[in-house]
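data02.cif (mmCIF, C-alpha atoms)
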```
data_target
loop_
_atom_site.label_atom_id
_atom_site.label_comp_id
_atom_site.auth_asym_id
_atom_site.auth_seq_id
_atom_site.Cartn_x
_atom_site.Cartn_y
_atom_site.Cartn_z
CA MET A 120 0.00 0.00 0.00
CA LYS A 121 2.80 2.40 0.82
CA ARG A 122 4.39 1.83 -2.58
CA LYS A 123 1.04 2.44 -4.28
CA THR A 124 0.61 5.66 -2.31
CA LEU A 125 4.09 6.80 -3.32
CA ILE A 126 3.36 6.13 -7.00
CA THR A 127 0.06 8.01 -6.73
CA CYS A 128 1.78 10.90 -5.01
CA VAL A 129 4.49 11.06 -7.65
CA ALA A 130 1.96 10.92 -10.47
CA ALA A 131 -0.19 13.60 -8.89
CA ALA A 132 2.83 15.84 -8.57
CA GLY A 133 3.65 15.44 -12.24
CA LEU A 134 6.98 13.72 -11.63
CA GLY A 135 6.06 10.90 -13.96
CA ALA A 136 5.57 13.51 -16.67
CA GLY A 137 9.21 14.46 -16.47
CA LEU A 138 9.01 17.75 -14.60
CA LEU A 139 11.88 16.67 -12.37
CA ALA A 140 13.55 14.47 -14.94
CA TRP A 141 17.19 15.43 -14.34
CA TRP A 142 17.93 12.52 -12.01
CA SER A 143 15.38 10.10 -13.47
CA THR A 144 16.36 7.60 -16.15
CA ALA A 145 16.27 9.19 -19.57
CA PRO A 146 15.06 7.19 -22.60
CA ARG A 147 18.30 5.40 -23.37
CA VAL A 148 19.31 4.36 -26.88
CA ASP A 149 20.92 1.04 -26.05
CA GLY A 150 24.38 0.32 -27.40
CA ARG A 151 23.12 -3.04 -28.62
CA LEU A 152 21.44 -1.21 -31.47
CA SER A 153 24.86 -0.88 -33.11
CA VAL A 154 24.11 2.76 -33.80
CA PRO A 155 27.18 4.57 -32.44
CA ALA A 156 26.74 7.96 -30.86
CA GLN A 157 28.53 10.51 -32.98
CA SER A 158 30.42 13.51 -31.70
CA SER A 159 29.09 16.92 -32.59
CA SER A 160 29.95 17.86 -36.15
CA PRO A 161 28.98 20.38 -38.82
CA ARG A 162 26.86 17.63 -40.34
CA ASP A 163 24.84 17.33 -37.12
CA ALA A 164 24.15 21.04 -37.03
CA SER A 165 23.37 21.23 -40.73
CA MET A 166 20.80 18.46 -40.39
CA ALA A 167 18.75 20.57 -38.00
CA ASP A 168 19.42 23.70 -40.03
CA ARG A 169 18.14 22.04 -43.22
CA ILE A 170 14.98 20.81 -41.53
CA VAL A 171 14.35 24.13 -39.83
CA GLY A 172 15.03 26.00 -43.03
CA SER A 173 12.56 23.89 -44.98
CA GLY A 174 9.80 24.14 -42.39
CA ALA A 175 10.07 27.71 -41.12
CA ARG A 176 7.14 30.10 -41.55
CA THR A 177 7.79 33.81 -41.72
CA ALA A 178 4.22 35.07 -41.41
CA THR A 179 3.50 36.99 -38.23
CA ARG A 180 0.50 35.60 -36.39
CA PRO A 181 -1.57 37.26 -33.67
CA ALA A 182 -0.86 36.08 -30.15
CA LEU A 183 -2.84 33.14 -28.83
CA LEU A 184 -5.88 34.19 -26.89
CA PRO A 185 -5.56 34.02 -23.10
CA GLY A 186 -7.36 31.12 -21.47
CA ARG A 187 -7.00 27.53 -20.34
CA PHE A 188 -6.13 24.63 -22.61
CA ASP A 189 -9.56 23.10 -23.20
CA ALA A 190 -10.94 26.51 -24.18
CA GLN A 191 -8.11 27.04 -26.69
CA ARG A 192 -7.69 23.51 -27.97
CA ALA A 193 -9.60 23.89 -31.24
CA GLU A 194 -7.72 27.07 -32.13
CA LEU A 195 -4.39 25.52 -31.15
CA GLU A 196 -5.03 22.49 -33.34
CA ALA A 197 -6.06 24.64 -36.30
CA ARG A 198 -3.05 26.91 -35.96
CA ALA A 199 -0.64 24.02 -35.44
CA ALA A 200 -1.96 22.21 -38.51
CA ASP A 201 -1.39 25.42 -40.47
CA GLY A 202 2.25 25.65 -39.40
CA ASP A 203 2.16 27.77 -36.24
CA ALA A 204 5.18 26.53 -34.27
CA ALA A 205 4.10 28.07 -30.95
CA ALA A 206 0.72 26.37 -31.15
CA ALA A 207 2.32 23.06 -32.10
CA TYR A 208 4.68 23.23 -29.15
CA ARG A 209 1.87 24.08 -26.74
CA LEU A 210 -0.13 21.10 -27.99
CA GLY A 211 2.86 18.79 -27.71
CA GLU A 212 3.75 19.97 -24.21
CA VAL A 213 0.25 19.44 -22.87
CA ILE A 214 -0.19 16.06 -24.56
CA ALA A 215 3.18 14.90 -23.20
CA LEU A 216 2.49 15.98 -19.63
CA CYS A 217 -1.25 15.90 -19.12
CA LEU A 218 -2.82 12.84 -20.75
CA ASP A 219 -2.14 10.78 -17.61
CA TYR A 220 -2.57 13.65 -15.18
CA ARG A 221 -5.17 13.30 -12.44
CA PRO A 222 -6.40 16.60 -10.97
CA MET A 223 -6.14 16.71 -7.19
CA PRO A 224 -6.99 19.60 -4.86
CA ALA A 225 -3.96 21.00 -3.07
CA GLY A 226 -5.32 20.03 0.33
CA GLU A 227 -5.85 16.43 -0.76
CA PHE A 228 -2.35 16.24 -2.20
CA THR A 229 -0.61 17.65 0.86
CA ALA A 230 -2.67 15.38 3.14
CA MET A 231 -1.67 12.35 1.07
CA LEU A 232 1.96 13.44 1.11
CA ALA A 233 1.82 13.89 4.91
CA ARG A 234 0.35 10.40 5.37
CA LEU A 235 3.02 8.92 3.14
CA VAL A 236 5.87 10.64 4.98
CA ALA A 237 4.45 9.64 8.36
CA GLY A 238 4.10 6.06 7.20
CA VAL A 239 7.52 5.47 5.68
CA GLY A 240 9.76 8.25 7.07
CA LYS A 241 13.41 7.53 6.37
CA ALA A 242 12.65 3.97 5.27
CA ALA A 243 12.04 5.21 1.70
CA ARG A 244 14.18 7.50 -0.40
CA PHE A 245 13.67 9.70 -3.43
CA GLY A 246 16.97 9.67 -5.28
CA GLU A 247 19.56 10.15 -2.55
CA GLU A 248 17.21 11.95 -0.17
CA PRO A 249 15.02 10.43 2.58
CA LEU A 250 11.36 10.78 1.72
CA ASP A 251 10.70 12.76 4.90
CA SER A 252 13.39 15.38 4.30
CA GLU A 253 12.48 19.01 3.65
CA THR A 254 14.32 18.75 0.34
CA THR A 255 12.14 15.91 -0.93
CA ILE A 256 8.94 17.51 0.29
CA ASP A 257 9.85 20.78 -1.43
CA LEU A 258 10.47 18.89 -4.68
CA PHE A 259 7.11 17.11 -4.50
CA LEU A 260 5.31 20.38 -3.82
CA PHE A 261 7.10 22.13 -6.69
CA ALA A 262 6.23 19.29 -9.07
CA TYR A 263 2.60 19.39 -7.96
CA GLU A 264 2.40 23.14 -8.58
CA GLU A 265 3.99 22.76 -12.01
CA ALA A 266 1.57 20.00 -12.97
CA GLU A 267 -1.34 22.15 -11.83
CA ARG A 268 -0.05 25.10 -13.86
CA ILE A 269 0.57 23.20 -17.09
CA CYS A 270 -2.42 20.84 -16.90
CA ASP A 271 -5.04 23.29 -15.65
CA GLN A 272 -8.38 22.65 -17.36
CA THR A 273 -7.28 19.70 -19.49
CA ASP A 274 -10.20 17.40 -18.60
CA GLY A 275 -11.42 17.66 -22.18
CA LEU A 276 -8.09 16.39 -23.46
CA ARG A 277 -8.43 13.19 -21.43
CA ALA A 278 -12.11 12.78 -22.30
CA ASN A 279 -11.37 13.23 -26.00
CA PRO A 280 -7.73 12.17 -26.56
CA PRO A 281 -5.91 13.62 -29.58
CA THR A 282 -5.23 11.58 -32.68
CA GLN A 283 -1.62 12.86 -32.84
CA ASP A 284 0.92 12.27 -30.09
CA ALA A 285 3.29 14.72 -28.40
CA PHE A 286 6.17 13.76 -30.67
CA HIS A 287 4.17 14.70 -33.76
CA TRP A 288 3.58 18.25 -32.58
CA ILE A 289 6.90 18.93 -30.88
CA SER A 290 8.86 17.60 -33.86
CA ARG A 291 6.82 19.90 -36.14
CA ALA A 292 7.53 22.86 -33.90
CA ALA A 293 11.23 21.97 -33.73
CA ALA A 294 11.41 21.68 -37.52
CA SER A 295 9.98 25.21 -37.70
CA GLY A 296 12.73 26.53 -35.43
CA HIS A 297 10.83 26.90 -32.15
CA PRO A 298 13.69 27.08 -29.59
CA MET A 299 11.93 25.34 -26.70
CA ALA A 300 10.63 22.60 -29.00
CA MET A 301 14.16 22.01 -30.28
CA ALA A 302 15.42 21.79 -26.70
CA ARG A 303 12.63 19.39 -25.67
CA TYR A 304 12.73 17.23 -28.81
CA GLY A 305 14.80 14.51 -27.11
CA ASP A 306 12.26 14.21 -24.28
CA VAL A 307 9.61 12.89 -26.66
CA ALA A 308 11.56 11.51 -29.63
CA PHE A 309 11.81 7.95 -28.32
CA LYS A 310 8.48 7.72 -26.50
CA PRO A 311 6.70 6.13 -29.50
CA PHE A 312 8.97 3.09 -29.15
CA LYS A 313 7.37 1.29 -26.22
CA GLU A 314 9.68 -1.71 -25.98
CA THR A 315 13.37 -2.41 -26.54
CA ALA A 316 12.40 -4.63 -29.46
CA GLU A 317 10.83 -1.63 -31.19
CA LEU A 318 14.06 0.33 -30.77
CA LEU A 319 15.99 -2.54 -32.31
CA ASP A 320 13.55 -2.94 -35.18
CA ASN A 321 13.76 0.77 -35.98
CA ALA A 322 17.50 1.29 -35.51
CA ALA A 323 17.90 3.63 -38.49
CA GLU A 324 15.09 5.91 -37.30
CA VAL A 325 16.41 5.80 -33.74
CA ALA A 326 19.82 6.92 -35.02
CA ARG A 327 18.23 9.75 -37.00
CA ARG A 328 16.29 10.97 -33.97
CA ARG A 329 19.34 10.76 -31.76
CA GLU A 330 21.31 12.88 -34.22
CA LEU A 331 18.44 15.36 -34.37
CA THR A 332 18.26 15.46 -30.57
CA ARG A 333 21.82 16.74 -30.44
CA ALA A 334 21.55 18.97 -33.50
CA TYR A 335 18.32 20.61 -32.37
CA ALA A 336 19.62 21.15 -28.82
CA GLU A 337 22.80 22.75 -30.13
CA ARG A 338 20.82 24.96 -32.50
CA ALA A 339 18.51 25.98 -29.63
CA LEU A 340 21.60 26.79 -27.59
CA ARG A 341 22.90 29.06 -30.33
CA ALA A 342 19.47 30.72 -30.34
CA GLY A 343 19.89 31.47 -26.62
CA GLU A 344 17.40 28.95 -25.20
CA PRO A 345 18.37 28.01 -21.58
CA ALA A 346 16.44 24.73 -21.77
CA ALA A 347 18.99 23.57 -24.36
CA LEU A 348 21.64 23.56 -21.62
CA LEU A 349 19.48 21.25 -19.55
CA ALA A 350 18.81 18.99 -22.55
CA LEU A 351 22.52 18.67 -23.33
CA ALA A 352 23.41 18.11 -19.69
CA LYS A 353 20.93 15.26 -19.53
CA GLY A 354 21.92 13.94 -22.95
CA HIS A 355 25.61 13.63 -22.04
CA SER A 356 24.98 12.14 -18.59
CA ALA A 357 25.62 8.47 -17.91
CA GLU A 358 21.94 7.68 -18.53
CA GLY A 359 21.58 10.00 -21.51
CA ILE A 360 20.93 9.31 -25.17
CA LEU A 361 24.09 11.03 -26.43
CA GLU A 362 27.68 9.89 -25.89
CA PRO A 363 28.41 9.90 -22.14
CA ASP A 364 30.73 12.77 -21.22
CA PRO A 365 30.73 13.69 -17.51
CA VAL A 366 32.68 16.93 -17.93
CA ARG A 367 30.43 18.19 -20.71
CA ALA A 368 27.31 17.14 -18.80
CA LEU A 369 28.47 19.04 -15.72
CA SER A 370 29.46 22.11 -17.72
CA TYR A 371 26.02 22.32 -19.31
CA TRP A 372 24.37 21.84 -15.92
CA LEU A 373 26.52 24.47 -14.20
CA ALA A 374 25.72 26.93 -16.97
CA TYR A 375 22.01 26.19 -16.77
CA ARG A 376 21.78 26.70 -13.03
CA GLN A 377 23.15 30.24 -13.46
CA THR A 378 20.47 31.27 -15.95
CA ALA A 379 17.45 33.32 -15.03
CA ALA A 380 15.26 30.38 -16.10
CA ALA A 381 16.77 28.18 -13.38
CA LYS A 382 16.05 30.66 -10.61
CA ARG A 383 12.42 29.58 -10.38
CA LEU A 384 13.42 26.00 -9.58
CA PRO A 385 13.86 24.77 -6.00
CA ALA A 386 17.43 25.14 -4.75
CA ALA A 387 17.35 21.46 -3.78
CA MET A 388 16.64 20.47 -7.37
CA LEU A 389 19.64 22.45 -8.59
CA ARG A 390 21.86 21.06 -5.86
CA MET A 391 20.85 17.45 -6.47
CA GLY A 392 21.41 17.80 -10.20
CA GLU A 393 24.89 19.20 -9.64
CA GLU A 394 25.80 16.50 -7.13
CA LYS A 395 24.68 13.79 -9.53
CA ALA A 396 26.61 15.27 -12.45
CA ALA A 397 29.81 15.86 -10.43
CA ALA A 398 29.86 12.53 -8.56
CA GLY A 399 33.37 11.05 -8.56
CA MET A 400 34.84 13.85 -10.67
CA SER A 401 38.40 15.02 -10.04
CA SER A 402 39.10 18.61 -9.04
CA SER A 403 40.84 19.29 -12.36
CA ALA A 404 37.88 17.95 -14.34
CA ARG A 405 35.53 20.01 -12.20
CA ALA A 406 37.60 23.14 -12.88
CA LEU A 407 37.47 22.42 -16.62
CA ALA A 408 33.68 22.06 -16.45
CA GLU A 409 33.36 25.34 -14.55
CA ARG A 410 35.39 27.22 -17.17
CA GLU A 411 33.35 25.76 -19.99
CA ALA A 412 30.14 26.61 -18.14
CA GLN A 413 31.04 30.30 -18.19
CA ARG A 414 31.58 30.17 -21.94
CA LEU A 415 28.25 28.42 -22.45
CA LEU A 416 26.48 30.91 -20.21
CA SER A 417 27.81 33.76 -22.33
CA VAL A 418 26.13 32.16 -25.36
CA VAL A 419 22.71 31.93 -23.70
CA GLU A 420 22.82 35.17 -21.69
CA PRO A 421 25.51 37.32 -23.29
CA ASN A 422 24.50 40.42 -21.35
CA GLY A 423 23.50 38.65 -18.15
CA ALA A 424 19.98 39.91 -18.75
CA THR A 425 17.15 38.51 -16.67
CA ARG A 426 14.66 36.65 -18.79
#
```
Any chance you could put this one into structure tokens?
Amino acid sequence: MKRKTLITCVAAAGLGAGLLAWWSTAPRVDGRLSVPAQSSSPRDASMADRIVGSGARTATRPALLPGRFDAQRAELEARAADGDAAAAYRLGEVIALCLDYRPMPAGEFTAMLARLVAGVGKAARFGEEPLDSETTIDLFLFAYEEAERICDQTDGLRANPPTQDAFHWISRAAASGHPMAMARYGDVAFKPFKETAELLDNAAEVARRRELTRAYAERALRAGEPAALLALAKGHSAEGILEPDPVRALSYWLAYRQTAAAKRLPAAMLRMGEEKAAAGMSSSARALAEREAQRLLSVVEPNGATR
């Protein structure tokens, strides 16, 4: 029962949707596929540039009307189908995070979390933290608030599921040059493959999507998107879908945590991500990562401006 309660609590908080995905297992492209991870190259970047160049729309569109998702869904779908990258990304984000979301009043969630903590205490852990620590509780509450924000008024989505999945819309938005969609492409690119056998049977497509994951993230980085730093940090981690590179992963993470975008995240989340990335690293390697982080930060926030 306690395990079931923990799973329910995590799902209600939106953790299963990837809101706190830094230390969770990323979709891994297994080495058994015999599709070697390639280092970054001009060909990688040009692949994304060619796709973006062929799909970009230059027409200026009026801003999306204010309102909750269900109220805007029809307009979003129409705009996305017509090539609006912002609408396509919004659709993809909500489909990715909210199809399995279960609305829960804040009081009910905090009561459930309190019962769980009282029942298991230090006997259960979330990552490296005891479940009853202030750090873990803060993370659960942050994830719950994020899920509530993103998935507000999405009951209609679950009652009438879309015919297209999150990958369809986010890949369209990425191909049109939407910076956040390019940064988040890798989060959804491998979701359609449900089993390892499907990855093996589609090795060529898996390789193409892995190359695009890197190319899009690097293009988003050049466009100044902070989320690209997070994507590349995760991609180059030991569990990532790109070639493992601890120093590069840490440098991207250290740069990301200094951006204005990271300031809204709980300090514990930033600390845990850094500890995970730097585990076992020598002082010289850490110094190298710190120097590279400053260079990367200058690309994303050249004037140190608050976003």
Can you give me, as number ranges by chain, the residues this file yields under the PyMOL selection byres ((chain A and resi 210) around 10)? A: 188, 192, 195-196, 199, 204-209, 211-215, 281, 283-285, 287-289, 292
I need every residue sitting at most 12 Å from the point (20.5, 35.8, -33.5) (coordinates as in the file, only C-alpha atoms considered), written as an NGL selection string. :A and (298 or 338-344 or 418-419 or 421)
Just say which residues the PyMOL selection byres ((chain A and resi 382-385) around 10) picks in this file, as number ranges by chain. A: 139, 254, 257-258, 260-262, 375-381, 386-390, 425
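CA of Arg291 (chain A) is found 8.0 Å from CA of Gly202 (chain A).
Counting from CA of Asp364 (chain A), the distance to CA of His297 (chain A) is 26.7 Å.
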Selection result of the PyMOL selection byres ((chain A and resi 407-414) around 9) on this file, as a PyMOL selection string: chain A and resi 365-375+402-406+415-418
